[in-house]
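Engineer: My structure is stored as data_3.txt, with compact mmCIF, C-alpha atoms.
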# COMPACT_ATOMS: atom_id res chain seq x y z
CA MET A 1 -8.33 -34.52 -43.20
CA ALA A 2 -6.35 -37.01 -41.12
CA GLU A 3 -7.91 -38.31 -37.95
CA GLU A 4 -6.10 -37.25 -34.77
CA HIS A 5 -5.41 -39.71 -31.98
CA HIS A 6 -4.93 -38.35 -28.47
CA THR A 7 -3.33 -40.24 -25.64
CA GLU A 8 -5.44 -40.11 -22.52
CA ILE A 9 -3.74 -38.75 -19.42
CA THR A 10 -4.95 -39.53 -15.95
CA VAL A 11 -5.50 -36.97 -13.22
CA GLU A 12 -2.62 -38.47 -11.24
CA GLU A 13 -0.23 -37.95 -14.17
CA ILE A 14 -1.27 -34.32 -14.44
CA ALA A 15 -0.83 -33.82 -10.69
CA HIS A 16 2.66 -35.36 -10.78
CA ALA A 17 3.66 -32.94 -13.52
CA PHE A 18 3.57 -30.14 -10.94
CA GLU A 19 5.90 -32.00 -8.57
CA GLU A 20 8.94 -31.50 -10.80
CA VAL A 21 11.85 -29.66 -9.27
CA PRO A 22 11.82 -26.02 -10.40
CA VAL A 23 14.67 -24.91 -12.63
CA HIS A 24 17.20 -22.63 -10.96
CA ILE A 25 17.03 -19.15 -12.46
CA ASP A 26 20.20 -17.08 -12.39
CA LEU A 27 19.57 -13.34 -12.33
CA SER A 28 23.15 -12.39 -11.44
CA HIS A 29 24.04 -11.38 -15.01
CA HIS A 30 21.59 -8.46 -14.90
CA GLY A 31 22.93 -5.01 -14.10
CA ILE A 32 21.35 -2.27 -12.04
CA GLU A 33 20.20 -0.53 -15.21
CA ASP A 34 18.20 -3.64 -16.16
CA TRP A 35 16.09 -3.47 -13.01
CA ILE A 36 15.59 0.29 -13.16
CA THR A 37 14.59 0.03 -16.82
CA LEU A 38 12.13 -2.74 -15.98
CA ALA A 39 10.53 -0.61 -13.24
CA VAL A 40 10.27 2.45 -15.51
CA PHE A 41 8.86 0.25 -18.29
CA TRP A 42 6.09 -1.06 -16.04
CA GLY A 43 5.37 2.48 -14.87
CA MET A 44 4.99 3.44 -18.51
CA VAL A 45 2.69 0.44 -19.08
CA VAL A 46 0.48 1.55 -16.19
CA CYS A 47 0.30 5.09 -17.63
CA VAL A 48 -0.61 3.79 -21.09
CA PHE A 49 -3.27 1.49 -19.61
CA LEU A 50 -4.71 4.38 -17.58
CA GLN A 51 -4.73 6.52 -20.70
CA PHE A 52 -6.52 3.85 -22.72
CA PHE A 53 -9.00 2.99 -19.96
CA THR A 54 -9.92 6.57 -19.11
CA ARG A 55 -10.18 7.60 -22.75
CA TYR A 56 -12.19 4.69 -24.15
CA ALA A 57 -13.97 3.17 -21.15
CA LEU A 58 -14.71 6.30 -19.11
CA ASN A 59 -14.74 8.74 -22.05
CA ASN A 60 -12.81 11.22 -19.91
CA SER A 61 -9.07 10.84 -20.40
CA LEU A 62 -6.39 11.79 -17.91
CA ALA A 63 -4.20 14.27 -19.77
CA TRP A 64 -1.08 13.67 -17.66
CA THR A 65 -0.76 9.99 -18.56
CA GLU A 66 0.45 10.70 -22.09
CA GLU A 67 3.20 13.08 -21.01
CA ILE A 68 4.42 10.73 -18.28
CA ALA A 69 4.35 7.75 -20.68
CA ILE A 70 6.33 9.65 -23.33
CA ASN A 71 8.98 10.72 -20.82
CA ALA A 72 9.12 7.20 -19.39
CA LEU A 73 9.65 5.83 -22.90
CA VAL A 74 12.62 8.15 -23.37
CA VAL A 75 14.09 6.91 -20.08
CA VAL A 76 13.52 3.28 -21.10
CA VAL A 77 15.31 3.89 -24.40
CA PHE A 78 18.42 5.43 -22.87
CA LEU A 79 18.71 3.06 -19.92
CA GLY A 80 18.00 0.18 -22.30
CA ALA A 81 20.81 1.45 -24.51
CA ALA A 82 23.14 1.14 -21.52
CA MET A 83 22.04 -2.49 -21.20
CA CYS A 84 22.86 -3.03 -24.87
CA VAL A 85 26.32 -1.52 -24.47
CA ARG A 86 27.05 -3.80 -21.50
CA ILE A 87 26.22 -6.97 -23.45
CA SER A 88 27.44 -5.68 -26.85
CA ARG A 89 24.00 -5.86 -28.46
CA HIS A 90 24.01 -2.63 -30.43
CA ILE A 91 23.79 -2.93 -34.18
CA HIS A 92 27.19 -3.61 -35.70
CA VAL A 93 28.52 -4.88 -39.00
CA ASP A 94 30.97 -7.73 -38.58
CA VAL A 95 31.13 -9.03 -42.16
CA LEU A 96 34.26 -6.96 -42.83
CA TYR A 97 36.14 -8.87 -40.13
CA HIS A 98 35.71 -12.13 -42.08
CA TYR A 99 37.79 -10.72 -44.95
CA LEU A 100 40.45 -8.82 -43.02
CA PRO A 101 43.62 -10.43 -41.70
CA GLU A 102 43.28 -11.26 -38.00
CA ARG A 103 45.81 -8.63 -36.90
CA VAL A 104 44.11 -5.84 -38.89
CA GLY A 105 40.71 -6.94 -37.58
CA ARG A 106 42.03 -6.79 -34.03
CA TRP A 107 43.30 -3.23 -34.46
CA LEU A 108 40.05 -2.18 -36.11
CA ALA A 109 38.01 -3.71 -33.26
CA LEU A 110 40.16 -1.86 -30.71
CA ALA A 111 39.63 1.37 -32.67
CA VAL A 112 35.85 0.77 -32.62
CA ASP A 113 36.00 0.26 -28.84
CA VAL A 114 37.97 3.48 -28.34
CA ILE A 115 35.64 5.45 -30.63
CA ARG A 116 32.62 4.09 -28.72
CA VAL A 117 34.13 5.20 -25.38
CA VAL A 118 34.90 8.66 -26.75
CA PHE A 119 31.43 8.96 -28.31
CA PHE A 120 29.64 8.11 -25.05
CA ALA A 121 31.94 10.42 -23.08
CA TYR A 122 31.04 13.25 -25.46
CA GLY A 123 27.34 12.34 -25.30
CA THR A 124 27.47 12.38 -21.50
CA TRP A 125 29.14 15.78 -21.50
CA LEU A 126 26.57 17.17 -23.97
CA MET A 127 23.68 15.82 -21.91
CA TRP A 128 25.21 17.34 -18.77
CA ARG A 129 25.30 20.71 -20.51
CA TYR A 130 21.73 20.26 -21.77
CA VAL A 131 20.43 19.38 -18.32
CA SER A 132 22.11 22.45 -16.84
CA ILE A 133 20.27 24.63 -19.38
CA VAL A 134 16.77 23.11 -19.12
CA ALA A 135 16.77 21.86 -15.51
CA HIS A 136 14.11 24.33 -14.45
CA GLU A 137 11.50 23.42 -17.06
CA ARG A 138 8.15 22.17 -15.82
CA MET A 139 5.85 19.59 -17.34
CA VAL A 140 2.91 20.87 -19.33
CA THR A 141 0.08 18.82 -17.81
CA ILE A 142 1.43 18.40 -14.27
CA ASN A 143 3.31 21.07 -12.40
CA LEU A 144 6.33 18.85 -11.80
CA PRO A 145 9.94 19.42 -12.85
CA ARG A 146 11.12 17.61 -15.98
CA ARG A 147 14.65 17.50 -14.66
CA TRP A 148 14.10 14.01 -13.23
CA PHE A 149 13.60 12.65 -16.73
CA PHE A 150 16.59 14.63 -17.98
CA TYR A 151 18.72 13.28 -15.13
CA ALA A 152 17.62 9.76 -16.01
CA VAL A 153 18.74 10.28 -19.61
CA LEU A 154 22.02 11.72 -18.31
CA ALA A 155 22.38 8.62 -16.13
CA GLY A 156 21.76 6.49 -19.23
CA PHE A 157 24.57 8.25 -21.09
CA ALA A 158 26.89 8.00 -18.10
CA LEU A 159 26.12 4.27 -17.80
CA MET A 160 26.75 3.82 -21.53
CA PHE A 161 30.10 5.55 -21.07
CA LEU A 162 31.05 3.40 -18.06
CA ARG A 163 29.82 0.19 -19.68
CA SER A 164 31.73 0.99 -22.88
CA ILE A 165 34.92 1.30 -20.81
CA GLN A 166 34.06 -2.01 -19.17
CA VAL A 167 33.49 -3.66 -22.57
CA PHE A 168 36.73 -2.18 -23.92
CA ILE A 169 38.74 -3.56 -21.00
CA GLY A 170 37.04 -6.95 -21.31
CA ASN A 171 37.69 -7.12 -25.06
CA TYR A 172 41.30 -6.08 -24.58
CA ARG A 173 41.94 -8.69 -21.89
CA ARG A 174 40.10 -11.42 -23.80
CA GLY A 175 41.97 -10.65 -27.01
CA TYR A 176 38.88 -10.40 -29.22
CA SER A 177 35.50 -8.68 -29.36
CA VAL A 178 32.05 -9.55 -30.60
CA LEU A 179 33.00 -8.00 -33.94
CA GLU A 180 35.81 -10.49 -34.46
CA ARG A 181 34.14 -13.61 -33.05
CA PRO A 182 30.36 -13.17 -32.88
CA GLY A 183 29.81 -16.88 -32.24
CA ALA A 184 31.77 -16.71 -28.98
CA PHE A 185 29.17 -14.32 -27.49
CA GLU A 186 26.03 -16.29 -28.35
CA THR A 187 24.06 -17.62 -25.42
CA VAL A 188 21.56 -20.42 -25.16
CA GLY A 189 18.55 -18.09 -25.12
CA ASP A 190 19.43 -16.27 -28.34
Represent the structure of the file as structure tokens.
Structural biologist:
Amino acid sequence: MAEEHHTEITVEEIAHAFEEVPVHIDLSHHGIEDWITLAVFWGMVVCVFLQFFTRYALNNSLAWTEEIAINALVVVVFLGAAMCVRISRHIHVDVLYHYLPERVGRWLALAVDVIRVVFFAYGTWLMWRYVSIVAHERMVTINLPRRWFFYAVLAGFALMFLRSIQVFIGNYRRGYSVLERPGAFETVGD
């Protein structure tokens, strides 16, 4: 095995490493759904930790933590889906656009945008109807209404609908979408 040589660093050099100017962090590109999803996610993490700790460390689990964590996961999924719509991160197949003429690809991309808007509008309407039917259900382990979780999922669908309109308008004004030019949407962190 090769012998390793380490360069010695003085205490002063280590101390000066902490004097560097901090990098400016820009959080302006995050939407409201990002922050709500983050809060619900950490609430879910706390519930899962409580469930694990009370079950395995205390040998007396809190029954409500599982139901809250499951409902929080559903909320995270649907609000996270709204985030994905906003930044065009849903799964899509763009290989076809490499072989189509540019004009045909443009029309197909516009059709995909319109279909996405219609799909999320229909999903929002269906969720609205569903919430109106089951709004009075109660949780099994805690006597609390489940409607708050249903309303959060409805909000996720409504945000997906609104963000899909926003993406459609942006793609139309720009003249291309992520389907046509995926490289134009890549960021440094990807």
Engineer: Compile the contact shell of Ile70 (chain A) as a PyMOL selection string: residues with an atom at most 12 Å away, counting all atoms listed in the file, same-chain residues fewer than 6 positions apart removed.
Structural biologist: chain A and resi 40-41+43-45+47-48+51+64+76-77+139+146+149
Engineer: Between CA of Ala63 (chain A) and CA of Phe150 (chain A), measure the distance and give it in Å to one decimal.
Structural biologist: 20.9 Å
Engineer: Given the choices A:Leu100, A:Leu126, A:Leu159, A:Ile115, which gets closest to Glu180 (chain A) if the distance is worked out from only C-alpha atoms?
Structural biologist: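 Under the stated criterion, the closest residue is A:Leu100.
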Engineer: Show which residues sit within 9 Å of Glu33 (chain A), as an MDAnalysis selection string. Count all atoms listed in the file, and ignore same-chain residues fewer than 5 positions away.
Structural biologist: chainID A and resid 38 79:80 82:83 156 159
Engineer: Would you mind exporting the chosen residues as a PDB file, keeping the file's coordinate frame, restricted to C-alpha atoms?
Structural biologist:
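The new file selection.pdb reads:
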ATOM      1  CA  LEU A  38      12.130  -2.740 -15.980  1.00  0.00           C
ATOM      2  CA  LEU A  79      18.710   3.060 -19.920  1.00  0.00           C
ATOM      3  CA  GLY A  80      18.000   0.180 -22.300  1.00  0.00           C
ATOM      4  CA  ALA A  82      23.140   1.140 -21.520  1.00  0.00           C
ATOM      5  CA  MET A  83      22.040  -2.490 -21.200  1.00  0.00           C
ATOM      6  CA  GLY A 156      21.760   6.490 -19.230  1.00  0.00           C
ATOM      7  CA  LEU A 159      26.120   4.270 -17.800  1.00  0.00           C
TER       8      LEU A 159
END
Engineer: Figure out the distance between CA of Pro145 (chain A) and CA of Thr65 (chain A), please, to one decimal in Å.
Structural biologist: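 According to the coordinates, CA of Thr65 (chain A) and CA of Pro145 (chain A) are separated by 15.4 Å.
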Engineer: Which is closest to Ile32 (chain A) among A:Arg181, A:Arg106, A:Arg173, A:Arg86, if we use only C-alpha atoms?
Structural biologist: A:Arg86
Engineer: When you count only C-alpha atoms, which of these residues is closest to Gly170 (chain A): A:Ser61, A:Trp148, A:His92, A:Ile87?
Structural biologist: A:Ile87
Engineer: Separation of CA of Met127 (chain A) and CA of Phe157 (chain A), in Å?
Structural biologist: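 Computed distance, CA of Met127 (chain A) to CA of Phe157 (chain A), equals 7.7 Å.
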Engineer: Nearest residue to Leu62 (chain A) out of A:Asp94, A:Ile142, A:Phe168, A:Tyr151, using all atoms listed in the file?
Structural biologist: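 Among A:Asp94, A:Ile142, A:Phe168, A:Tyr151, it is A:Ile142 that comes nearest to Leu62 (chain A).
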Engineer: Counting all atoms listed in the file, which of A:Leu162, A:Arg147, A:Leu96, A:Ala155 gets nearest to Val117 (chain A)?
Structural biologist: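 Using all atoms listed in the file, the shortest distance to Val117 (chain A) belongs to A:Leu162.
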Engineer: For Phe161 (chain A), find every residue with an atom within 9 Å (counting all atoms listed in the file), except residues of its own chain fewer than 2 positions away, and show them as a list of chain:residue names.
Structural biologist: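 Within the cut-off, the hits are A:Ala82, A:Val85, A:Arg116, A:Val117, A:Val118, A:Phe119, A:Phe120, A:Ala121, A:Tyr122, A:Gly123, A:Thr124, A:Gly156, A:Phe157, A:Ala158, A:Leu159, A:Arg163, A:Ser164, A:Ile165, A:Gln166.
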Engineer: Compare A:Ala15, A:Val75, A:Leu179, A:Ala39 by their minimum atom-to-atom distance to Glu102 (chain A), counting only C-alpha atoms, and give me the closest one.
Structural biologist: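 Between A:Ala15, A:Val75, A:Leu179, A:Ala39, the residue approaching Glu102 (chain A) most closely is A:Leu179.
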